[in-house]
file final.cif (mmCIF, C-alpha atoms and all ligand atoms)
data_coords
#
loop_
_atom_site.label_atom_id
_atom_site.label_comp_id
_atom_site.auth_asym_id
_atom_site.auth_seq_id
_atom_site.Cartn_x
_atom_site.Cartn_y
_atom_site.Cartn_z
CA MET Y 10 97.91 103.04 116.43
CA MET Y 11 96.83 102.03 112.92
CA ILE Y 12 97.02 105.69 111.90
CA PRO Y 13 100.82 106.12 111.54
CA PRO Y 14 101.30 103.08 109.24
CA ALA Y 15 98.22 104.08 107.23
CA VAL Y 16 99.72 107.54 106.69
CA ALA Y 17 103.08 106.01 105.74
CA LEU Y 18 101.48 103.71 103.16
CA GLY Y 19 99.24 106.46 101.81
CA ILE Y 20 96.13 104.59 102.92
CA GLU Y 21 93.21 106.82 103.78
CA LEU Y 22 91.96 105.69 107.16
CA ARG Y 23 88.53 106.66 108.40
CA VAL Y 24 87.33 105.86 111.86
CA LEU Y 25 83.87 105.40 113.29
CA ALA Y 26 84.43 106.29 116.93
CA GLU Y 27 82.14 106.19 119.91
CA PHE Y 28 83.05 109.54 121.48
CA GLU Y 29 84.16 112.94 120.34
CA ASP Y 30 87.47 112.88 122.22
CA SER Y 31 88.41 109.22 121.69
CA ALA Y 32 92.01 108.30 120.88
CA ALA Y 33 90.90 107.49 117.31
CA ALA Y 34 89.92 111.15 116.75
CA LEU Y 35 93.34 111.80 115.19
CA ALA Y 36 92.09 110.24 111.93
CA ALA Y 37 89.15 111.44 109.82
CA THR Y 38 86.53 110.45 112.32
CA ALA Y 39 82.80 110.01 112.28
CA ILE Y 40 81.14 109.79 115.67
CA GLY Y 41 78.44 107.19 116.02
CA ASP Y 42 77.12 104.09 117.69
CA HIS Y 43 78.74 100.91 116.35
CA ARG Y 44 75.66 98.95 117.49
CA ASP Y 45 73.35 100.87 115.17
CA ALA Y 46 73.09 99.25 111.71
CA ALA Y 47 72.08 102.44 109.89
CA THR Y 48 75.01 104.40 111.37
CA VAL Y 49 77.57 101.72 110.54
CA LEU Y 50 76.14 101.15 107.06
CA ALA Y 51 76.27 104.85 106.20
CA PHE Y 52 79.90 104.93 107.34
CA ALA Y 53 80.83 101.70 105.56
CA ARG Y 54 79.46 102.82 102.19
CA GLU Y 55 82.21 105.47 102.04
CA VAL Y 56 85.12 103.04 102.37
CA ASP Y 57 86.59 100.03 100.54
CA VAL Y 58 87.17 97.76 103.53
CA VAL Y 59 85.83 97.75 107.08
CA THR Y 60 87.89 96.41 109.96
CA PHE Y 61 87.81 96.75 113.75
CA ASP Y 62 89.86 97.62 116.80
CA HIS Y 63 87.43 95.96 119.18
CA GLU Y 64 84.99 93.05 118.89
CA HIS Y 65 81.78 94.72 120.01
CA VAL Y 66 80.04 95.32 116.66
CA PRO Y 67 76.96 93.06 116.85
CA GLN Y 68 76.51 90.19 114.39
CA GLU Y 69 73.23 91.73 113.11
CA VAL Y 70 75.12 94.89 112.13
CA LEU Y 71 77.90 92.87 110.48
CA ALA Y 72 75.31 90.82 108.57
CA ALA Y 73 73.70 94.04 107.30
CA LEU Y 74 77.09 95.20 106.00
CA VAL Y 75 77.78 91.93 104.23
CA ALA Y 76 74.26 91.95 102.71
CA ASP Y 77 75.02 95.44 101.40
CA GLY Y 78 78.19 94.20 99.67
CA VAL Y 79 80.67 95.77 102.11
CA ALA Y 80 84.04 94.00 102.48
CA VAL Y 81 84.12 93.15 106.20
CA ARG Y 82 87.48 91.82 107.43
CA PRO Y 83 87.64 89.73 109.47
CA GLY Y 84 84.25 88.51 108.33
CA PRO Y 85 81.37 87.94 110.75
CA GLY Y 86 81.80 84.17 110.46
CA ALA Y 87 85.30 84.45 111.95
CA LEU Y 88 84.68 87.36 114.30
CA ARG Y 89 81.96 85.57 116.24
CA PHE Y 90 84.61 83.32 117.76
CA ALA Y 91 86.35 86.38 119.20
CA GLN Y 92 83.04 87.90 120.34
CA ASP Y 93 81.67 85.00 122.29
CA LYS Y 94 83.86 82.84 124.50
CA LEU Y 95 81.33 79.96 124.50
CA GLU Y 96 81.27 79.87 120.71
CA MET Y 97 85.06 80.03 120.71
CA ARG Y 98 85.42 77.08 123.11
CA ALA Y 99 83.02 74.94 121.06
CA ARG Y 100 84.74 75.77 117.75
CA LEU Y 101 88.25 75.20 119.11
CA ALA Y 102 87.12 71.86 120.50
CA ALA Y 103 85.86 70.89 117.04
CA LEU Y 104 89.24 71.91 115.57
CA GLY Y 105 91.05 69.74 118.14
CA VAL Y 106 92.95 72.70 119.60
CA PRO Y 107 94.27 72.15 123.16
CA GLN Y 108 92.34 74.20 125.74
CA PRO Y 109 91.34 74.06 129.41
CA ASP Y 110 88.48 71.80 130.45
CA TRP Y 111 85.32 73.87 130.02
CA ALA Y 112 81.55 73.74 130.05
CA ARG Y 113 78.57 75.88 129.18
CA VAL Y 114 76.50 76.15 132.33
CA ALA Y 115 72.99 77.54 132.49
CA ASP Y 116 72.15 77.07 136.16
CA ALA Y 117 73.61 76.87 139.64
CA GLY Y 118 73.43 73.05 139.76
CA ALA Y 119 75.55 72.62 136.65
CA LEU Y 120 78.08 75.19 137.87
CA ALA Y 121 78.32 73.53 141.28
CA ALA Y 122 78.87 70.15 139.60
CA PHE Y 123 81.69 71.52 137.44
CA ILE Y 124 83.37 73.13 140.46
CA ALA Y 125 83.10 69.88 142.42
CA GLU Y 126 84.61 67.90 139.54
CA HIS Y 127 87.56 70.30 139.37
CA GLY Y 128 88.82 70.30 142.93
CA GLY Y 129 86.48 72.90 144.38
CA VAL Y 130 87.58 75.84 142.26
CA ALA Y 131 86.97 77.04 138.71
CA VAL Y 132 87.05 80.16 136.56
CA ALA Y 133 83.70 81.58 135.45
CA LYS Y 134 83.46 83.91 132.46
CA THR Y 135 80.72 85.95 130.87
CA PRO Y 136 80.57 84.83 127.23
CA ARG Y 137 80.54 88.38 125.85
CA GLY Y 138 81.73 91.88 126.55
CA GLY Y 139 84.58 91.06 128.97
CA TYR Y 140 87.95 92.84 128.80
CA ASP Y 141 90.89 93.45 131.12
CA GLY Y 142 89.69 90.73 133.46
CA LYS Y 143 86.17 92.19 133.77
CA GLY Y 144 83.89 89.25 133.16
CA VAL Y 145 86.36 86.74 134.70
CA ARG Y 146 85.91 85.41 138.24
CA ILE Y 147 87.37 82.65 140.34
CA VAL Y 148 84.44 80.68 141.74
CA ARG Y 149 84.33 78.22 144.62
CA GLU Y 150 80.57 77.85 144.79
CA ALA Y 151 77.70 78.48 142.40
CA ALA Y 152 76.59 81.54 144.38
CA ASP Y 153 79.82 83.30 143.30
CA ALA Y 154 78.38 83.68 139.78
CA ALA Y 155 74.66 83.84 140.60
CA ASP Y 156 74.32 87.39 139.25
CA TRP Y 157 75.75 86.31 135.90
CA LEU Y 158 73.65 83.15 135.68
CA ASP Y 159 70.54 85.27 136.19
CA ARG Y 160 71.31 86.86 132.83
CA GLY Y 161 71.96 83.65 130.88
CA PRO Y 162 74.40 80.79 130.33
CA ILE Y 163 78.07 81.35 131.15
CA LEU Y 164 81.40 79.69 130.44
CA VAL Y 165 83.16 77.83 133.21
CA GLU Y 166 86.73 76.56 132.92
CA GLU Y 167 89.13 74.56 135.03
CA ARG Y 168 91.53 76.88 136.85
CA VAL Y 169 94.77 76.23 134.98
CA GLY Y 170 97.89 76.12 137.16
CA PHE Y 171 99.97 77.70 134.45
CA VAL Y 172 103.69 78.38 134.78
CA ARG Y 173 103.35 81.41 132.56
CA GLU Y 174 101.12 83.09 130.00
CA LEU Y 175 102.13 83.45 126.37
CA ALA Y 176 100.69 85.12 123.31
CA GLN Y 177 101.08 84.20 119.68
CA GLN Y 178 100.44 86.74 116.93
CA ILE Y 179 99.75 85.70 113.37
CA ALA Y 180 98.53 87.66 110.35
CA ARG Y 181 96.40 86.15 107.61
CA ARG Y 182 95.40 87.67 104.30
CA ALA Y 183 92.11 87.05 102.56
CA SER Y 184 94.10 85.06 100.00
CA GLY Y 185 95.33 82.72 102.76
CA GLU Y 186 98.95 83.88 103.10
CA THR Y 187 100.05 83.95 106.75
CA ALA Y 188 102.92 85.55 108.69
CA VAL Y 189 103.76 84.31 112.19
CA TYR Y 190 105.40 86.52 114.84
CA PRO Y 191 107.78 85.28 117.51
CA LEU Y 192 105.97 83.90 120.55
CA VAL Y 193 105.88 86.33 123.50
CA GLU Y 194 105.50 86.00 127.26
CA SER Y 195 102.90 88.16 128.99
CA THR Y 196 102.37 88.88 132.65
CA GLN Y 197 98.96 89.96 133.94
CA ARG Y 198 98.25 91.75 137.20
CA ASP Y 199 94.68 91.63 138.50
CA GLY Y 200 93.64 90.07 135.19
CA VAL Y 201 95.17 92.94 133.18
CA CYS Y 202 98.21 92.65 130.92
CA ALA Y 203 101.10 94.40 132.68
CA GLU Y 204 104.23 93.37 130.74
CA VAL Y 205 105.23 91.57 127.56
CA ILE Y 206 108.65 90.08 126.76
CA ALA Y 207 109.55 89.38 123.15
CA PRO Y 208 110.57 86.80 122.25
CA ALA Y 209 109.37 84.51 125.05
CA PRO Y 210 112.43 83.29 126.99
CA ARG Y 211 113.06 79.55 126.67
CA GLY Y 212 110.62 79.34 123.76
CA GLY Y 213 111.90 76.12 122.22
CA ARG Y 214 109.29 73.44 121.57
CA VAL Y 215 106.56 75.57 123.08
CA ALA Y 216 107.17 78.26 120.45
CA GLN Y 217 106.84 75.71 117.67
CA ALA Y 218 103.62 74.36 119.15
CA ALA Y 219 102.19 77.87 119.58
CA ALA Y 220 102.92 78.78 115.96
CA ARG Y 221 101.24 75.56 114.81
CA VAL Y 222 98.17 76.16 116.96
CA ALA Y 223 97.83 79.78 115.80
CA ALA Y 224 98.10 78.76 112.14
CA ALA Y 225 95.48 76.04 112.65
CA ILE Y 226 93.11 78.58 114.23
CA ALA Y 227 93.72 81.27 111.60
CA ASP Y 228 93.01 78.81 108.78
CA GLY Y 229 90.27 76.88 110.57
CA LEU Y 230 88.32 80.01 111.46
CA ASP Y 231 89.11 81.77 108.16
CA VAL Y 232 90.56 84.80 109.95
CA THR Y 233 91.54 87.89 107.97
CA GLY Y 234 93.84 90.40 109.66
CA MET Y 235 95.80 90.04 112.86
CA LEU Y 236 94.97 87.17 115.20
CA ALA Y 237 96.27 87.09 118.78
CA VAL Y 238 96.10 83.75 120.57
CA GLU Y 239 96.45 84.02 124.35
CA LEU Y 240 97.98 80.85 125.80
CA PHE Y 241 98.74 79.16 129.09
CA GLU Y 242 101.92 77.10 129.41
CA THR Y 243 101.56 74.20 131.83
CA ASP Y 244 104.34 72.74 133.97
CA ASP Y 245 104.64 69.80 131.56
CA GLU Y 246 105.32 72.11 128.58
CA ARG Y 247 101.88 71.92 127.06
CA ILE Y 248 100.05 74.95 125.78
CA LEU Y 249 96.34 75.60 126.20
CA VAL Y 250 94.42 78.33 124.40
CA ASN Y 251 92.95 80.97 126.73
CA GLU Y 252 91.25 83.28 124.26
CA LEU Y 253 91.42 84.93 120.84
CA ALA Y 254 91.47 88.49 119.56
CA MET Y 255 91.05 89.21 115.84
CA ARG Y 256 92.72 92.60 115.74
CA PRO Y 257 95.95 94.20 116.86
CA HIS Y 258 96.24 93.23 120.53
CA ASN Y 259 98.00 94.57 123.61
CA SER Y 260 100.33 91.55 123.61
CA GLY Y 261 101.54 92.70 120.16
CA HIS Y 262 102.25 96.35 120.94
CA TRP Y 263 105.95 95.47 121.23
CA THR Y 264 106.01 94.95 117.44
CA ILE Y 265 105.83 98.72 116.80
CA GLU Y 266 109.53 99.01 117.60
CA GLY Y 267 110.50 95.37 118.12
CA ALA Y 268 109.51 93.65 114.87
CA ALA Y 269 110.27 94.32 111.21
CA THR Y 270 106.56 95.01 110.59
CA SER Y 271 104.29 96.26 113.38
CA GLN Y 272 101.04 94.42 114.05
CA PHE Y 273 99.17 97.60 113.11
CA GLU Y 274 100.75 97.86 109.68
CA GLN Y 275 100.37 94.11 109.26
CA HIS Y 276 96.67 94.28 110.08
CA LEU Y 277 96.17 96.95 107.41
CA ARG Y 278 98.13 94.90 104.88
CA ALA Y 279 96.17 91.75 105.69
CA VAL Y 280 92.68 93.28 105.52
CA LEU Y 281 93.58 95.13 102.29
CA ASP Y 282 94.99 91.88 100.87
CA LEU Y 283 98.43 93.45 100.38
CA PRO Y 284 101.60 91.35 100.65
CA LEU Y 285 102.44 90.77 104.33
CA GLY Y 286 105.62 92.16 105.87
CA PRO Y 287 108.45 90.27 107.57
CA THR Y 288 107.91 89.53 111.27
CA GLU Y 289 111.39 88.97 112.64
CA ILE Y 290 112.66 90.76 115.75
CA ARG Y 291 114.73 93.94 115.40
CA ALA Y 292 116.59 93.56 118.70
CA PRO Y 293 117.44 90.43 120.69
CA TRP Y 294 114.98 91.49 123.43
CA THR Y 295 112.05 93.86 123.51
CA VAL Y 296 110.02 94.57 126.66
CA MET Y 297 106.69 96.38 126.73
CA VAL Y 298 105.24 97.72 129.98
CA ASN Y 299 101.64 98.96 130.15
CA LEU Y 300 100.89 102.25 131.86
CA LEU Y 301 98.00 101.30 134.11
CA GLY Y 302 96.04 104.02 135.87
CA GLY Y 303 98.42 106.89 135.25
CA PRO Y 304 100.18 109.26 137.65
CA ALA Y 305 98.66 109.65 141.10
CA ASP Y 306 98.99 113.44 140.75
CA GLY Y 307 97.16 113.27 137.41
CA ASP Y 308 99.97 115.26 135.75
CA LEU Y 309 100.71 113.52 132.45
CA ASP Y 310 102.96 116.34 131.19
CA ARG Y 311 105.18 115.96 134.23
CA ALA Y 312 105.20 112.15 133.89
CA ARG Y 313 106.04 112.25 130.18
CA ARG Y 314 108.93 114.67 130.78
CA GLN Y 315 110.22 112.56 133.66
CA ALA Y 316 110.01 109.31 131.65
CA LEU Y 317 111.91 110.78 128.70
CA ALA Y 318 114.52 112.25 131.04
CA ALA Y 319 115.01 108.92 132.80
CA ARG Y 320 115.19 106.88 129.57
CA PRO Y 321 115.57 109.01 126.44
CA ALA Y 322 115.70 105.90 124.23
CA ALA Y 323 112.46 104.34 125.51
CA ALA Y 324 109.43 104.53 123.22
CA VAL Y 325 106.62 106.17 125.19
CA HIS Y 326 103.09 105.79 123.82
CA LEU Y 327 100.20 107.70 125.37
CA TYR Y 328 96.64 107.13 124.24
CA GLY Y 329 95.13 110.53 125.04
CA LYS Y 330 93.14 109.04 127.93
CA ALA Y 331 92.62 110.68 131.29
CA PRO Y 332 94.26 108.87 134.23
CA ARG Y 333 91.87 106.58 136.13
CA PRO Y 334 92.71 103.67 138.45
CA GLY Y 335 93.52 100.53 136.44
CA ARG Y 336 92.91 102.16 133.06
CA LYS Y 337 95.42 101.49 130.23
CA ILE Y 338 96.53 105.02 129.38
CA GLY Y 339 99.59 104.04 127.34
CA HIS Y 340 102.63 101.79 127.18
CA VAL Y 341 106.42 101.98 127.10
CA THR Y 342 108.74 99.82 125.01
CA SER Y 343 112.50 99.30 125.36
CA TRP Y 344 114.88 96.98 123.57
CA ALA Y 345 118.44 95.77 124.17
CA GLU Y 346 121.00 93.04 123.58
CA ASP Y 347 120.24 91.85 127.07
CA LEU Y 348 116.81 90.99 128.51
CA ASP Y 349 117.44 92.51 131.95
CA GLU Y 350 118.63 95.71 130.37
CA ALA Y 351 115.49 96.02 128.24
CA ALA Y 352 113.23 95.22 131.19
CA VAL Y 353 114.95 97.65 133.56
CA ALA Y 354 114.76 100.43 130.97
CA ALA Y 355 111.08 99.91 130.17
CA ARG Y 356 110.15 99.71 133.85
CA ALA Y 357 112.20 102.80 134.72
CA ALA Y 358 110.43 104.87 132.08
CA ALA Y 359 107.04 103.47 133.08
CA ALA Y 360 107.72 104.27 136.76
CA ALA Y 361 107.41 107.99 135.93
CA PHE Y 362 103.69 107.32 135.45
CA ASP Y 363 103.14 105.70 138.87
N1 LIG U 1 91.00 79.03 133.09
C1 LIG U 1 91.85 79.87 133.68
N2 LIG U 1 92.72 79.43 134.62
C2 LIG U 1 93.57 80.27 135.25
N3 LIG U 1 93.64 81.59 135.02
C3 LIG U 1 92.79 82.11 134.09
C4 LIG U 1 91.86 81.28 133.38
N4 LIG U 1 91.17 82.07 132.52
C5 LIG U 1 91.65 83.32 132.70
N5 LIG U 1 92.62 83.36 133.64
C6 LIG U 1 93.38 84.56 134.07
O1 LIG U 1 92.58 85.72 133.89
C7 LIG U 1 93.12 86.58 132.88
C8 LIG U 1 92.00 87.21 132.08
O2 LIG U 1 91.24 86.20 131.45
P1 LIG U 1 90.69 86.37 129.95
O3 LIG U 1 91.86 86.58 129.06
O4 LIG U 1 89.79 85.26 129.62
O5 LIG U 1 89.82 87.68 130.17
P2 LIG U 1 89.60 89.00 129.37
O6 LIG U 1 89.06 89.98 130.33
O7 LIG U 1 88.84 88.71 128.13
O8 LIG U 1 91.06 89.41 128.99
P3 LIG U 1 91.62 90.54 128.04
O9 LIG U 1 92.11 91.60 128.97
O10 LIG U 1 92.75 89.82 127.40
O11 LIG U 1 90.53 90.95 127.14
C9 LIG U 1 94.04 85.67 132.07
O12 LIG U 1 95.03 86.39 131.39
C10 LIG U 1 94.59 84.76 133.17
O13 LIG U 1 95.62 85.42 133.89
MG MG U 2 92.68 87.87 127.87
#

call {"tool": "encode", "arguments": {"input": "final.cif", "output": "C-alpha cells"}}
result
Amino acid sequence: MMIPPAVALGIELRVLAEFEDSAAALAATAIGDHRDAATVLAFAREVDVVTFDHEHVPQEVLAALVADGVAVRPGPGALRFAQDKLEMRARLAALGVPQPDWARVADAGALAAFIAEHGGVAVAKTPRGGYDGKGVRIVREAADAADWLDRGPILVEERVGFVRELAQQIARRASGETAVYPLVESTQRDGVCAEVIAPAPRGGRVAQAAARVAAAIADGLDVTGMLAVELFETDDERILVNELAMRPHNSGHWTIEGAATSQFEQHLRAVLDLPLGPTEIRAPWTVMVNLLGGPADGDLDRARRQALAARPAAAVHLYGKAPRPGRKIGHVTSWAEDLDEAAVAARAAAAAFD
C-alpha cells in the first residue's frame, strides 16, 4: 500500500520480500530473508533509506545496517520498543505514559502472584513476534502460560475492563516535525481488528489526551515515520496504552480515502524527511471493515464483483492473498455525512466476502 503514493511522488520503491508471490511483489522486489544480515545489507546498499512494513527485522541486522552507514528509519533504538512488548512497557513507564498494570514474569510463581493480585485473571503476552492476537492469552492460573514460560520471560498485564479500543496515528520526521491524525475507534474480534471508525465518536477530552500521549511517545522514543498507538479507554475516561506499531498500521487504513494524506504517503514523507501532509478528515465519517478469512467458496472474483455491485462507491482493497480462516485478505472503506450510512455501506460491501 506504499506503492501507489511512491509512484505518484516519483519515488522509486524497492522491496525486500519474503516470498515470490507476496503482496509486495508489485514493486521492484528482491526475495530474501530479512533475518539474514548479508541479504539485508546487499539490498540496503542499493537504496537511500530503509524502512519497514513489519517489525521482525532483528536488532543485530539493523545494527549491521547502521554500522554500514545505511539510513534506517525508524532507527533500531526506536524500533526495539515496537519489537518487544517488555521493552515497550519499561520504556513507557519511564516516560510516565499511562498503561495497564504489568510485570515481567520469568516463572510460574511470579505469574501466579500477579494473577492473584489482579482478581484471579490477567492477560499474558509473548514479548516478541505476536500479531493478530497470536501471542495474547487470558490466564487464570500459571499453567495457562506454562508453554510460553518454558521459552523465557513473558509480559503479564492486568485485564483492562475497557469501554472501547482506540488508536492514535502520528507521523514524525527525522527533523522532529509531527502530524497528528484524528483519533479512531477500533473493534477487535477474537483479538483481530475487525472495524475502524474515523473519527472516534465522542472523542472530546479523550482525543486530546490521546494526541498528547502519542506526541510524547513519538518524541520520547525518537520515532521516524508513522507511529500507531493502540489505546484502551476506561469507564472513567482515562486512556491506557496497549501497544505500539512504528509503521503504517491496520487502524490507519481508513486514511487512504478518509484523510487528506494517507498514512502510507505520510510514512514515505516522514522517512524521507519530506514536509508532512495535512491529516484532516475528508468526510465527516469514514468506516473501514477488514476482510477476514475471505469467501467460504474461495471465489474472490465472484466476491469482488458482488461487493462492487452492492456498493459501487465503496473502496475495496484486496491484498493478493489466498482465502484462509481468520486471515486478513483485504479491507473495505466507505465514507458519508452520517456514521450509520458509512458503516452500513462498508459492511454491505464486506459481506460479499463472507
Ligand atoms: N491488558 C489487556 N486487557 C484487556 N484486553 C487486552 C489486553 N491486552 C490485549 N487485549 C485484547 O487483545 C487484543 C490484542 O492484543 P495486542 O494488541 O497486545 O496483541 P497483538 O497480537 O500484538 O495485536 P495486533 O493484531 O495489533 O498486532 C487487543 O486489541 C485487546 O482487544
Ligand atoms: Mg494490537

call {"tool": "residues_around", "arguments": {"input": "final.cif", "residues": "Val81 (chain Y)", "least_positions_apart": "5", "cutoff": "8 Å", "atoms": "all atoms listed in the file", "output": "short mmCIF file (atom, residue, chain, number, x, y, z; two decimals) with C-alpha atoms, in the frame of the given file"}}
result
data_model
loop_
_atom_site.label_atom_id
_atom_site.label_comp_id
_atom_site.auth_asym_id
_atom_site.auth_seq_id
_atom_site.Cartn_x
_atom_site.Cartn_y
_atom_site.Cartn_z
CA VAL Y 58 87.17 97.76 103.53
CA VAL Y 59 85.83 97.75 107.08
CA THR Y 60 87.89 96.41 109.96
CA LEU Y 71 77.90 92.87 110.48
CA LEU Y 74 77.09 95.20 106.00
CA VAL Y 75 77.78 91.93 104.23
#

call {"tool": "residues_near_point", "arguments": {"input": "final.cif", "point": "(79.3, 94.6, 111.6)", "cutoff": "10 Å", "atoms": "all atoms listed in the file", "output": "ChimeraX atom specification"}}
result
/Y:43-46,49-50,53,59-61,64-75,79,81-85,88

call {"tool": "residues_around", "arguments": {"input": "final.cif", "residues": "region 289-303 of chain Y", "least_positions_apart": "3", "cutoff": "7 Å", "atoms": "only C-alpha atoms", "output": "PyMOL selection string"}}
result
chain Y and resi 190+203-208+263+267-269+307+332-348+351-352+355-356+359+362-363

call {"tool": "closest_residue", "arguments": {"input": "final.cif", "among": "Y:Leu25, Y:Ala361, Y:Ala119, Y:Val215", "to": "Asp245 (chain Y)", "atoms": "all atoms listed in the file"}}
result
Y:Val215

call {"tool": "atom_distance", "arguments": {"input": "final.cif", "atom1": "atom P1 of ligand LIG 1 (chain U)", "atom2": "CA of Thr288 (chain Y)"}}
result
25.6 Å

call {"tool": "build_atoms", "arguments": {"input": "final.cif", "residues": "region 297-305 of chain Y", "atoms": "all heavy atoms", "output": "PDB file, in the frame of the given file"}}
result
ATOM      1  N   MET Y 297     107.751  95.381 126.712  1.00  0.00           N
ATOM      2  CA  MET Y 297     106.690  96.380 126.730  1.00  0.00           C
ATOM      3  C   MET Y 297     106.029  96.404 128.109  1.00  0.00           C
ATOM      4  O   MET Y 297     105.693  95.348 128.646  1.00  0.00           O
ATOM      5  CB  MET Y 297     105.619  96.043 125.681  1.00  0.00           C
ATOM      6  CG  MET Y 297     104.623  97.144 125.489  1.00  0.00           C
ATOM      7  SD  MET Y 297     102.861  96.848 125.814  1.00  0.00           S
ATOM      8  CE  MET Y 297     102.715  95.682 127.060  1.00  0.00           C
ATOM      9  N   VAL Y 298     105.890  97.570 128.679  1.00  0.00           N
ATOM     10  CA  VAL Y 298     105.240  97.720 129.980  1.00  0.00           C
ATOM     11  C   VAL Y 298     104.008  98.614 129.799  1.00  0.00           C
ATOM     12  O   VAL Y 298     104.117  99.716 129.255  1.00  0.00           O
ATOM     13  CB  VAL Y 298     106.206  98.358 131.011  1.00  0.00           C
ATOM     14  CG1 VAL Y 298     105.493  98.596 132.341  1.00  0.00           C
ATOM     15  CG2 VAL Y 298     107.424  97.465 131.224  1.00  0.00           C
ATOM     16  N   ASN Y 299     102.860  98.143 130.230  1.00  0.00           N
ATOM     17  CA  ASN Y 299     101.640  98.960 130.150  1.00  0.00           C
ATOM     18  C   ASN Y 299     101.644 100.040 131.218  1.00  0.00           C
ATOM     19  O   ASN Y 299     102.118  99.815 132.338  1.00  0.00           O
ATOM     20  CB  ASN Y 299     100.399  98.083 130.343  1.00  0.00           C
ATOM     21  CG  ASN Y 299      99.910  97.487 129.045  1.00  0.00           C
ATOM     22  OD1 ASN Y 299     100.143  98.025 127.955  1.00  0.00           O
ATOM     23  ND2 ASN Y 299      99.228  96.360 129.144  1.00  0.00           N
ATOM     24  N   LEU Y 300     101.094 101.185 130.877  1.00  0.00           N
ATOM     25  CA  LEU Y 300     100.890 102.250 131.860  1.00  0.00           C
ATOM     26  C   LEU Y 300      99.459 102.124 132.347  1.00  0.00           C
ATOM     27  O   LEU Y 300      98.510 102.426 131.628  1.00  0.00           O
ATOM     28  CB  LEU Y 300     101.125 103.615 131.207  1.00  0.00           C
ATOM     29  CG  LEU Y 300     102.514 103.786 130.572  1.00  0.00           C
ATOM     30  CD1 LEU Y 300     102.630 105.148 129.891  1.00  0.00           C
ATOM     31  CD2 LEU Y 300     103.617 103.605 131.615  1.00  0.00           C
ATOM     32  N   LEU Y 301      99.325 101.602 133.574  1.00  0.00           N
ATOM     33  CA  LEU Y 301      98.000 101.300 134.110  1.00  0.00           C
ATOM     34  C   LEU Y 301      97.617 102.346 135.154  1.00  0.00           C
ATOM     35  O   LEU Y 301      98.317 102.522 136.146  1.00  0.00           O
ATOM     36  CB  LEU Y 301      97.982  99.900 134.735  1.00  0.00           C
ATOM     37  CG  LEU Y 301      98.265  98.756 133.744  1.00  0.00           C
ATOM     38  CD1 LEU Y 301      98.419  97.428 134.476  1.00  0.00           C
ATOM     39  CD2 LEU Y 301      97.156  98.657 132.703  1.00  0.00           C
ATOM     40  N   GLY Y 302      96.543 103.043 134.895  1.00  0.00           N
ATOM     41  CA  GLY Y 302      96.040 104.020 135.870  1.00  0.00           C
ATOM     42  C   GLY Y 302      96.538 105.423 135.606  1.00  0.00           C
ATOM     43  O   GLY Y 302      95.757 106.349 135.527  1.00  0.00           O
ATOM     44  N   GLY Y 303      97.856 105.566 135.462  1.00  0.00           N
ATOM     45  CA  GLY Y 303      98.420 106.890 135.250  1.00  0.00           C
ATOM     46  C   GLY Y 303      98.876 107.509 136.547  1.00  0.00           C
ATOM     47  O   GLY Y 303      98.639 106.958 137.627  1.00  0.00           O
ATOM     48  N   PRO Y 304      99.561 108.661 136.458  1.00  0.00           N
ATOM     49  CA  PRO Y 304     100.180 109.260 137.650  1.00  0.00           C
ATOM     50  C   PRO Y 304      99.150 109.621 138.717  1.00  0.00           C
ATOM     51  O   PRO Y 304      98.067 110.111 138.399  1.00  0.00           O
ATOM     52  CB  PRO Y 304     100.857 110.527 137.113  1.00  0.00           C
ATOM     53  CG  PRO Y 304     100.313 110.750 135.753  1.00  0.00           C
ATOM     54  CD  PRO Y 304      99.778 109.449 135.247  1.00  0.00           C
ATOM     55  N   ALA Y 305      99.549 109.368 139.970  1.00  0.00           N
ATOM     56  CA  ALA Y 305      98.660 109.650 141.100  1.00  0.00           C
ATOM     57  C   ALA Y 305      98.312 111.139 141.147  1.00  0.00           C
ATOM     58  O   ALA Y 305      97.198 111.508 141.518  1.00  0.00           O
ATOM     59  CB  ALA Y 305      99.315 109.211 142.408  1.00  0.00           C
TER      60      ALA Y 305
END
